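Read the structure below first, then the notes.
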Amino acid sequence: MHSINLPNEALAALSILEDAGFEAWVVGGCVRDMLLGRACSDIDIATSATCSDVQATFERCGLRVHDTGSKHGTVTVIVGDAAFETTTYRTDGTYSDGRHPDQVRFVTSIQEDLARRDFTINAMAYHPERGLIDPYGGRCDLQRGVIRTVGDPVQRFSEDALRILRGCRFCAQFGFPIEQMTLQAMIRSKKLMAGVSHERVTAELTKLLTSPYAGSAIMNTVDALSAVLPELVAMKGFDQKTPYHIYDVLEHTAHVVDAVRPTPTLRWAALLHDVGKPAAFFTDDTGTGHFYGHANISRVVAEGVMNRMSFSAVFRQQVVTLVEHHDDVIDTTPKAVKRAVRRLGGNEQLFRMLCELKRGDSKGQAPQYHTRIAHATELERILDDIIREDEAFKIGDLAINGNDVIAAGVERGPLVGHVLNAALDAVIEGTVQNEPYALRAFVRDWAAKKH
């Protein structure tokens with residue numbers, strides 16, 4: 001019997017149900033993760049008990065129970081500091097909306113419950129005394145390192161099209177390839193993803209992008225991902241015809257994604273930074289490829305992608321800004337760095353992300369051009385010096401504020417912001433000292449010229 005070490009709270013939850021005469025198992029992703037030796041944050045329980053039975057059983061023990069989906073047989077029980085989603089054995093009916101079962105039928109065995117699940121690696125159940133139940137070979141697929149559906153893949157994806165993206169995400173999460181029949185069914189069924197909500201698409205893609213094997217997953221599942229990210233299609237196999245690159249545009253992008261930290265902002269920016277290259281491409285008389293202006297085209301395309309995803313306005317703007325400026329040439333001088341931060345709205349952290357994106361971009365290029373990595377690191381070091389010396393690179397760093405500008409004779413309103421921006425530019429360029437007297441004189445002179 002394969003032994004899995006369950007937390008005491010999970011063992012207690014199983015015991016409470018079984019002592020009351022019900023059957024209970026730990027199921028799904030937590031079993032998969034424990035077999036892989038990975039940490040498991042969420043432990044789910046499947047049981048023969050109905051929701052009302054679960055609630056009554058745990059409340060008799062003085063424990064809290066929350067209704068988190070009793071219509072589909074699910075409640076959440078609280079044991080100590082741990083929460084366990086507990087679901088009655090069930091099988092799903094038809095999925096007319098391609099996402100939710102029209103009805104569920106409660107069943108009497110764990111085997112019937114496991115039959116409704118998406119992938120074999122998620123269709124296992126474990127009990128500390130009865131051991132592992134694995135009717136579809138999930139443990140073997142874990143050992144082989146492959147992602148395969150339970151039963152007919154076309155049927156699985158027609159029931160719930162989000163499973164296509166989940167398969168792509170598992171590829172990125174574990175580094176496993178997708179079994180060939182499963183992958184072909186993903187591609188054949190990808191049109192069904194048009195019915196999946198933007199919120200769910202956004203969540204799955206972000207999980208994919210922030211996973212350890214995101215780059216290889218992008219390469220291996222691009223033909224399925226293209227239904228929700230059609231912008232990737234033009235990048236696939238696009239020969240850049242330039243000495244700077246040894247990969248096509250999609251391969252380069254995958255390398256850049258893997259080369260930056262797995263934060264949503266950086267990974268989305270890395271995915272989209274060169275999405276405009278195919279549109280910008282041309283060759284010169286020698287056959288060398290060029291992509292002049294590709295960053296601006298990438299910005300336009302990135303805006304379209306971001307606008308159809310469910311991100312905050314701040315997140316969307318940060319990603320688009322990184323894409324727009326990823327190819328900016330920034331000299332390794334304090335003045336150039338301050339100008340660059342200024343272009344980013346004075347956002348120091350965004351500039352640091354830009355430097356990291358530049359390093360990742362360089363790592364995805366031909367080895368002889370990896371020297372650009374050190375250049376981006378030097379830009380960050382210069383920023384550190386600027387901050388340490390308390391030099392101005394944003395409006396808030398100026399020795400005057402809006403009230404000072406108004407007192408110097410500028411009419412209250414938008415002009416105040418204009419003159420502060422002009423003052424900051426002058427300070428960065430070194431034509432005005434960042435001290436009150438000099439800045440007030442600058443404002444008075446600016447106001448006089450406007451009149």
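Going through the structure tokens in order, the chains are called A, B, and so on, while each chain numbers its residues from 1 and the ligands are numbered from 1 in the order shown.
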| Backbone-only DSSP, alpha helix (DSSP H) members of stretch 38-119 of chain A, as a PyMOL selection string | chain A and resi 51-60+110-114
Those selected residues, please, written with all heavy atoms and delivered as a tab-separated table (two decimals), in the first residue's frame.
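Result saved to again_21.tsv:
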```
chain	number	residue	atom	x	y	z
A	51	CYS	N	-24.69	16.39	1.84
A	51	CYS	CA	-24.30	17.67	2.46
A	51	CYS	C	-24.94	17.84	3.83
A	51	CYS	O	-24.27	18.28	4.78
A	51	CYS	CB	-24.72	18.83	1.56
A	51	CYS	SG	-23.69	19.03	0.12
A	52	SER	N	-26.21	17.48	3.95
A	52	SER	CA	-26.88	17.64	5.25
A	52	SER	C	-26.28	16.70	6.28
A	52	SER	O	-26.15	17.05	7.46
A	52	SER	CB	-28.39	17.41	5.11
A	52	SER	OG	-28.64	16.13	4.56
A	53	ASP	N	-25.89	15.49	5.84
A	53	ASP	CA	-25.24	14.55	6.76
A	53	ASP	C	-23.88	15.10	7.21
A	53	ASP	O	-23.53	15.00	8.38
A	53	ASP	CB	-25.02	13.20	6.08
A	53	ASP	CG	-26.31	12.42	5.90
A	53	ASP	OD1	-27.25	12.64	6.70
A	53	ASP	OD2	-26.38	11.60	4.96
A	54	VAL	N	-23.12	15.65	6.26
A	54	VAL	CA	-21.81	16.23	6.60
A	54	VAL	C	-21.99	17.34	7.62
A	54	VAL	O	-21.28	17.42	8.63
A	54	VAL	CB	-21.09	16.74	5.34
A	54	VAL	CG1	-19.82	17.50	5.73
A	54	VAL	CG2	-20.74	15.59	4.40
A	55	GLN	N	-22.93	18.23	7.33
A	55	GLN	CA	-23.14	19.37	8.22
A	55	GLN	C	-23.53	18.90	9.62
A	55	GLN	O	-22.97	19.36	10.63
A	55	GLN	CB	-24.23	20.29	7.65
A	55	GLN	CG	-24.47	21.52	8.52
A	55	GLN	CD	-25.31	22.57	7.80
A	55	GLN	OE1	-25.59	22.45	6.61
A	55	GLN	NE2	-25.69	23.60	8.52
A	56	ALA	N	-24.47	17.99	9.70
A	56	ALA	CA	-24.93	17.52	11.01
A	56	ALA	C	-23.81	16.80	11.76
A	56	ALA	O	-23.64	16.99	12.97
A	56	ALA	CB	-26.13	16.59	10.84
A	57	THR	N	-23.04	16.01	11.04
A	57	THR	CA	-21.96	15.24	11.67
A	57	THR	C	-20.89	16.13	12.27
A	57	THR	O	-20.46	15.94	13.42
A	57	THR	CB	-21.33	14.28	10.64
A	57	THR	OG1	-22.33	13.38	10.16
A	57	THR	CG2	-20.19	13.48	11.26
A	58	PHE	N	-20.47	17.13	11.53
A	58	PHE	CA	-19.41	18.01	12.02
A	58	PHE	C	-19.91	18.97	13.09
A	58	PHE	O	-19.19	19.29	14.04
A	58	PHE	CB	-18.76	18.76	10.86
A	58	PHE	CG	-17.73	17.92	10.14
A	58	PHE	CD1	-18.10	17.07	9.11
A	58	PHE	CD2	-16.39	17.97	10.49
A	58	PHE	CE1	-17.17	16.29	8.45
A	58	PHE	CE2	-15.45	17.20	9.85
A	58	PHE	CZ	-15.83	16.34	8.82
A	59	GLU	N	-21.13	19.43	12.93
A	59	GLU	CA	-21.67	20.36	13.94
A	59	GLU	C	-21.87	19.66	15.28
A	59	GLU	O	-21.74	20.27	16.34
A	59	GLU	CB	-22.96	21.00	13.43
A	59	GLU	CG	-22.69	22.03	12.34
A	59	GLU	CD	-23.95	22.70	11.82
A	59	GLU	OE1	-25.06	22.19	12.15
A	59	GLU	OE2	-23.84	23.70	11.10
A	60	ARG	N	-22.17	18.35	15.25
A	60	ARG	CA	-22.28	17.59	16.50
A	60	ARG	C	-20.94	17.55	17.23
A	60	ARG	O	-20.89	17.43	18.46
A	60	ARG	CB	-22.76	16.16	16.23
A	60	ARG	CG	-24.26	16.02	16.10
A	60	ARG	CD	-24.70	14.58	16.26
A	60	ARG	NE	-24.10	13.69	15.26
A	60	ARG	CZ	-24.65	13.42	14.09
A	60	ARG	NH1	-25.81	13.97	13.74
A	60	ARG	NH2	-24.04	12.61	13.25
A	110	ILE	N	-16.91	5.59	-4.69
A	110	ILE	CA	-15.82	6.48	-5.07
A	110	ILE	C	-15.41	6.24	-6.52
A	110	ILE	O	-15.01	7.17	-7.22
A	110	ILE	CB	-14.62	6.31	-4.10
A	110	ILE	CG1	-13.51	7.33	-4.42
A	110	ILE	CG2	-14.08	4.89	-4.15
A	110	ILE	CD1	-13.89	8.76	-4.22
A	111	GLN	N	-15.51	4.98	-6.99
A	111	GLN	CA	-15.13	4.68	-8.37
A	111	GLN	C	-15.98	5.46	-9.37
A	111	GLN	O	-15.46	6.00	-10.36
A	111	GLN	CB	-15.24	3.17	-8.64
A	111	GLN	CG	-14.19	2.33	-7.94
A	111	GLN	CD	-14.54	1.98	-6.51
A	111	GLN	OE1	-15.56	2.44	-5.96
A	111	GLN	NE2	-13.70	1.17	-5.87
A	112	GLU	N	-17.29	5.54	-9.11
A	112	GLU	CA	-18.17	6.30	-9.99
A	112	GLU	C	-17.82	7.79	-9.95
A	112	GLU	O	-17.87	8.48	-10.96
A	112	GLU	CB	-19.63	6.11	-9.57
A	112	GLU	CG	-20.20	4.75	-9.88
A	112	GLU	CD	-21.63	4.64	-9.39
A	112	GLU	OE1	-21.83	4.39	-8.19
A	112	GLU	OE2	-22.56	4.83	-10.21
A	113	ASP	N	-17.45	8.28	-8.78
A	113	ASP	CA	-17.09	9.69	-8.63
A	113	ASP	C	-15.82	10.01	-9.42
A	113	ASP	O	-15.73	11.03	-10.10
A	113	ASP	CB	-16.89	10.01	-7.15
A	113	ASP	CG	-16.56	11.48	-6.91
A	113	ASP	OD1	-17.50	12.27	-6.77
A	113	ASP	OD2	-15.37	11.83	-6.89
A	114	LEU	N	-14.83	9.13	-9.35
A	114	LEU	CA	-13.55	9.39	-10.04
A	114	LEU	C	-13.73	9.38	-11.56
A	114	LEU	O	-12.97	10.02	-12.27
A	114	LEU	CB	-12.51	8.34	-9.62
A	114	LEU	CG	-12.08	8.38	-8.15
A	114	LEU	CD1	-11.11	7.24	-7.86
A	114	LEU	CD2	-11.44	9.72	-7.81
```
| task | Quick one: everything within 12 Å of A:Phe311, counting only C-alpha atoms, minus sequence neighbours fewer than 3 positions away in the same chain. Send it as a PyMOL selection string. | result | chain A and resi 198-203+205-206+264-265+268+303+305-308+314-319
| request: Please provide as a PyMOL selection string all residues within 12 Å of A:Cys140, with the sequence filter that same-chain residues fewer than 4 positions apart are discarded (counting only C-alpha atoms). | output: chain A and resi 32+35-36+120-121+123-124+134-136+144-148
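The coordinates place atom CA of A:Lys338 at 5.3 Å from atom CA of A:Phe393.
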| message | Set the distance at 8 Å and use only C-alpha atoms: which residues neighbour stretch 409-424 of chain A once local chain neighbours fewer than 5 positions away are removed? I'd like the list as a PyMOL selection string. | response | chain A and resi 392-395+398+401-402+432+439+442-444+446-447
Set out as JSON lines a contact list for stretch 81-189 of chain A and stretch 64-75 of chain A with a cut-off of 6 Å, giving each residue of stretch 81-189 of chain A that qualifies its closest atom pair and distance in Å to one decimal, counting only C-alpha atoms, ordered by chain and rising residue number.
```
{"residue": "A:Glu85", "atom": "CA", "partner": "A:Val75", "partner_atom": "CA", "distance": 5.9}
{"residue": "A:Thr86", "atom": "CA", "partner": "A:Val75", "partner_atom": "CA", "distance": 5.4}
{"residue": "A:Thr87", "atom": "CA", "partner": "A:Thr74", "partner_atom": "CA", "distance": 4.3}
{"residue": "A:Thr88", "atom": "CA", "partner": "A:Gly73", "partner_atom": "CA", "distance": 5.2}
```
| field | Separation of atom CA of A:Ser3 from atom CA of A:Tyr126 in Å | value | 8.9 Å
| said: I'd like the contact shell of stretch 261-263 of chain A - 9 Å cut-off, only C-alpha atoms, skipping same-chain residues fewer than 2 positions apart - returned as an MDAnalysis selection string. | reply: chainID A and resid 209:212 257:259 265:268 356
Using only C-alpha atoms, what does the table of stretch 289-311 of chain A residues within 10 Å of stretch 241-246 of chain A look like, with each row giving the shortest atom pair and its distance in Å to one decimal, sorted by chain and ascending number, as JSON lines?
```
{"residue": "A:Gly289", "atom": "CA", "partner": "A:Lys241", "partner_atom": "CA", "distance": 4.7}
{"residue": "A:His290", "atom": "CA", "partner": "A:Thr242", "partner_atom": "CA", "distance": 7.3}
{"residue": "A:Phe291", "atom": "CA", "partner": "A:Thr242", "partner_atom": "CA", "distance": 9.8}
```
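Excluding A:Gly360 and any residue on its chain fewer than 4 positions from it, the residues at most 10 Å away by only C-alpha atoms are His252, Thr253, His255, Val256, Val257, Asp258, Ala259, Val260, Arg261, Leu266, Ala270, Leu354, Cys355, Glu356, Gly364, Gln365, His370, Arg372, Ile373 and Ala376 of chain A.
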With N, CA and C atoms kept, could you save the residues just selected as an mmCIF file, in the first residue's frame?
```cif
data_model
loop_
_atom_site.group_PDB
_atom_site.id
_atom_site.type_symbol
_atom_site.label_atom_id
_atom_site.label_comp_id
_atom_site.auth_asym_id
_atom_site.auth_seq_id
_atom_site.Cartn_x
_atom_site.Cartn_y
_atom_site.Cartn_z
ATOM 1 N N HIS A 252 11.822 32.275 -29.026
ATOM 2 C CA HIS A 252 12.466 33.362 -28.279
ATOM 3 C C HIS A 252 11.570 33.820 -27.132
ATOM 4 N N THR A 253 10.294 33.998 -27.436
ATOM 5 C CA THR A 253 9.342 34.440 -26.410
ATOM 6 C C THR A 253 9.279 33.444 -25.257
ATOM 7 N N HIS A 255 11.590 31.431 -24.224
ATOM 8 C CA HIS A 255 12.819 31.553 -23.438
ATOM 9 C C HIS A 255 12.773 32.793 -22.541
ATOM 10 N N VAL A 256 12.224 33.879 -23.063
ATOM 11 C CA VAL A 256 12.138 35.110 -22.263
ATOM 12 C C VAL A 256 11.178 34.921 -21.094
ATOM 13 N N VAL A 257 10.050 34.266 -21.339
ATOM 14 C CA VAL A 257 9.093 33.989 -20.265
ATOM 15 C C VAL A 257 9.786 33.235 -19.131
ATOM 16 N N ASP A 258 10.549 32.214 -19.475
ATOM 17 C CA ASP A 258 11.234 31.420 -18.447
ATOM 18 C C ASP A 258 12.355 32.188 -17.760
ATOM 19 N N ALA A 259 12.877 33.216 -18.429
ATOM 20 C CA ALA A 259 14.053 33.931 -17.910
ATOM 21 C C ALA A 259 13.706 35.025 -16.908
ATOM 22 N N VAL A 260 12.424 35.398 -16.802
ATOM 23 C CA VAL A 260 12.041 36.440 -15.834
ATOM 24 C C VAL A 260 11.343 35.783 -14.645
ATOM 25 N N ARG A 261 11.296 36.500 -13.543
ATOM 26 C CA ARG A 261 10.653 35.971 -12.341
ATOM 27 C C ARG A 261 9.178 35.630 -12.616
ATOM 28 N N LEU A 266 5.411 40.449 -14.977
ATOM 29 C CA LEU A 266 6.583 40.163 -15.797
ATOM 30 C C LEU A 266 6.310 39.073 -16.822
ATOM 31 N N ALA A 270 6.506 39.508 -20.765
ATOM 32 C CA ALA A 270 7.438 38.689 -21.540
ATOM 33 C C ALA A 270 6.715 37.974 -22.675
ATOM 34 N N LEU A 354 11.297 46.597 -15.902
ATOM 35 C CA LEU A 354 11.771 46.802 -17.268
ATOM 36 C C LEU A 354 13.192 46.265 -17.414
ATOM 37 N N CYS A 355 14.039 46.524 -16.440
ATOM 38 C CA CYS A 355 15.412 46.002 -16.482
ATOM 39 C C CYS A 355 15.414 44.483 -16.486
ATOM 40 N N GLU A 356 14.539 43.883 -15.684
ATOM 41 C CA GLU A 356 14.475 42.423 -15.676
ATOM 42 C C GLU A 356 13.969 41.879 -17.001
ATOM 43 N N GLY A 364 17.256 35.370 -24.179
ATOM 44 C CA GLY A 364 16.595 34.653 -25.257
ATOM 45 C C GLY A 364 17.193 34.916 -26.628
ATOM 46 N N GLN A 365 18.277 35.670 -26.683
ATOM 47 C CA GLN A 365 18.931 35.988 -27.953
ATOM 48 C C GLN A 365 20.151 35.084 -28.172
ATOM 49 N N HIS A 370 24.484 38.181 -25.152
ATOM 50 C CA HIS A 370 24.108 38.121 -23.742
ATOM 51 C C HIS A 370 24.799 39.202 -22.912
ATOM 52 N N ARG A 372 24.221 42.133 -23.081
ATOM 53 C CA ARG A 372 23.189 43.126 -22.763
ATOM 54 C C ARG A 372 22.580 42.881 -21.383
ATOM 55 N N ILE A 373 22.788 41.679 -20.867
ATOM 56 C CA ILE A 373 22.289 41.370 -19.516
ATOM 57 C C ILE A 373 22.973 42.288 -18.504
ATOM 58 N N ALA A 376 21.638 45.919 -18.483
ATOM 59 C CA ALA A 376 20.398 46.149 -17.740
ATOM 60 C C ALA A 376 20.656 46.152 -16.235
#
```
| Can you list, as a PyMOL selection string, every residue of stretch 165-389 of chain A that DSSP puts in strand (DSSP E or B)? | chain A and resi 178+282-283+289-290
Store the residues picked out above, limited to all heavy atoms, as a PDB file, in the first residue's frame.
```pdb
ATOM      1  N   ILE A 178       1.797  16.426 -23.042  1.00  0.00           N
ATOM      2  CA  ILE A 178       0.412  15.963 -23.111  1.00  0.00           C
ATOM      3  C   ILE A 178       0.350  14.768 -24.056  1.00  0.00           C
ATOM      4  O   ILE A 178       0.905  14.809 -25.160  1.00  0.00           O
ATOM      5  CB  ILE A 178      -0.510  17.098 -23.589  1.00  0.00           C
ATOM      6  CG1 ILE A 178      -0.474  18.239 -22.556  1.00  0.00           C
ATOM      7  CG2 ILE A 178      -1.935  16.599 -23.787  1.00  0.00           C
ATOM      8  CD1 ILE A 178      -1.198  19.487 -22.990  1.00  0.00           C
ATOM      9  N   PHE A 282      10.655  43.061 -42.056  1.00  0.00           N
ATOM     10  CA  PHE A 282      11.051  43.180 -43.458  1.00  0.00           C
ATOM     11  C   PHE A 282      12.516  42.770 -43.560  1.00  0.00           C
ATOM     12  O   PHE A 282      13.231  42.692 -42.560  1.00  0.00           O
ATOM     13  CB  PHE A 282      10.846  44.610 -43.993  1.00  0.00           C
ATOM     14  CG  PHE A 282      11.812  45.617 -43.424  1.00  0.00           C
ATOM     15  CD1 PHE A 282      12.982  45.929 -44.090  1.00  0.00           C
ATOM     16  CD2 PHE A 282      11.544  46.253 -42.215  1.00  0.00           C
ATOM     17  CE1 PHE A 282      13.883  46.858 -43.569  1.00  0.00           C
ATOM     18  CE2 PHE A 282      12.423  47.184 -41.684  1.00  0.00           C
ATOM     19  CZ  PHE A 282      13.602  47.488 -42.362  1.00  0.00           C
ATOM     20  N   THR A 283      12.964  42.470 -44.756  1.00  0.00           N
ATOM     21  CA  THR A 283      14.376  42.131 -44.967  1.00  0.00           C
ATOM     22  C   THR A 283      15.030  43.193 -45.838  1.00  0.00           C
ATOM     23  O   THR A 283      14.385  43.788 -46.719  1.00  0.00           O
ATOM     24  CB  THR A 283      14.525  40.762 -45.649  1.00  0.00           C
ATOM     25  OG1 THR A 283      13.784  40.739 -46.875  1.00  0.00           O
ATOM     26  CG2 THR A 283      14.039  39.645 -44.747  1.00  0.00           C
ATOM     27  N   GLY A 289      16.855  40.279 -41.518  1.00  0.00           N
ATOM     28  CA  GLY A 289      15.559  40.729 -41.040  1.00  0.00           C
ATOM     29  C   GLY A 289      15.655  41.916 -40.099  1.00  0.00           C
ATOM     30  O   GLY A 289      16.620  42.063 -39.345  1.00  0.00           O
ATOM     31  N   HIS A 290      14.653  42.792 -40.174  1.00  0.00           N
ATOM     32  CA  HIS A 290      14.574  43.950 -39.278  1.00  0.00           C
ATOM     33  C   HIS A 290      13.144  44.081 -38.759  1.00  0.00           C
ATOM     34  O   HIS A 290      12.185  43.664 -39.411  1.00  0.00           O
ATOM     35  CB  HIS A 290      14.976  45.236 -40.012  1.00  0.00           C
ATOM     36  CG  HIS A 290      16.373  45.212 -40.531  1.00  0.00           C
ATOM     37  ND1 HIS A 290      17.478  45.414 -39.734  1.00  0.00           N
ATOM     38  CD2 HIS A 290      16.858  44.973 -41.791  1.00  0.00           C
ATOM     39  CE1 HIS A 290      18.577  45.332 -40.465  1.00  0.00           C
ATOM     40  NE2 HIS A 290      18.225  45.053 -41.715  1.00  0.00           N
TER      41      HIS A 290
END
```
| request: For A:Gly276, work out the shell of residues within 8 Å, counting only C-alpha atoms and skipping chain neighbours fewer than 3 positions away, then give it as a VMD selection string. | output: chain A and resid 273 279 to 280 294 to 299 301
| request: Work out how far atom CA of A:Trp25 is from atom CA of A:Thr50, in Å to one decimal. | output: 14.1 Å
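Proximity of A:Arg188, A:Arg352, A:Lys335, A:Lys450 to A:Ile428, computed with only C-alpha atoms, is greatest for A:Lys335.
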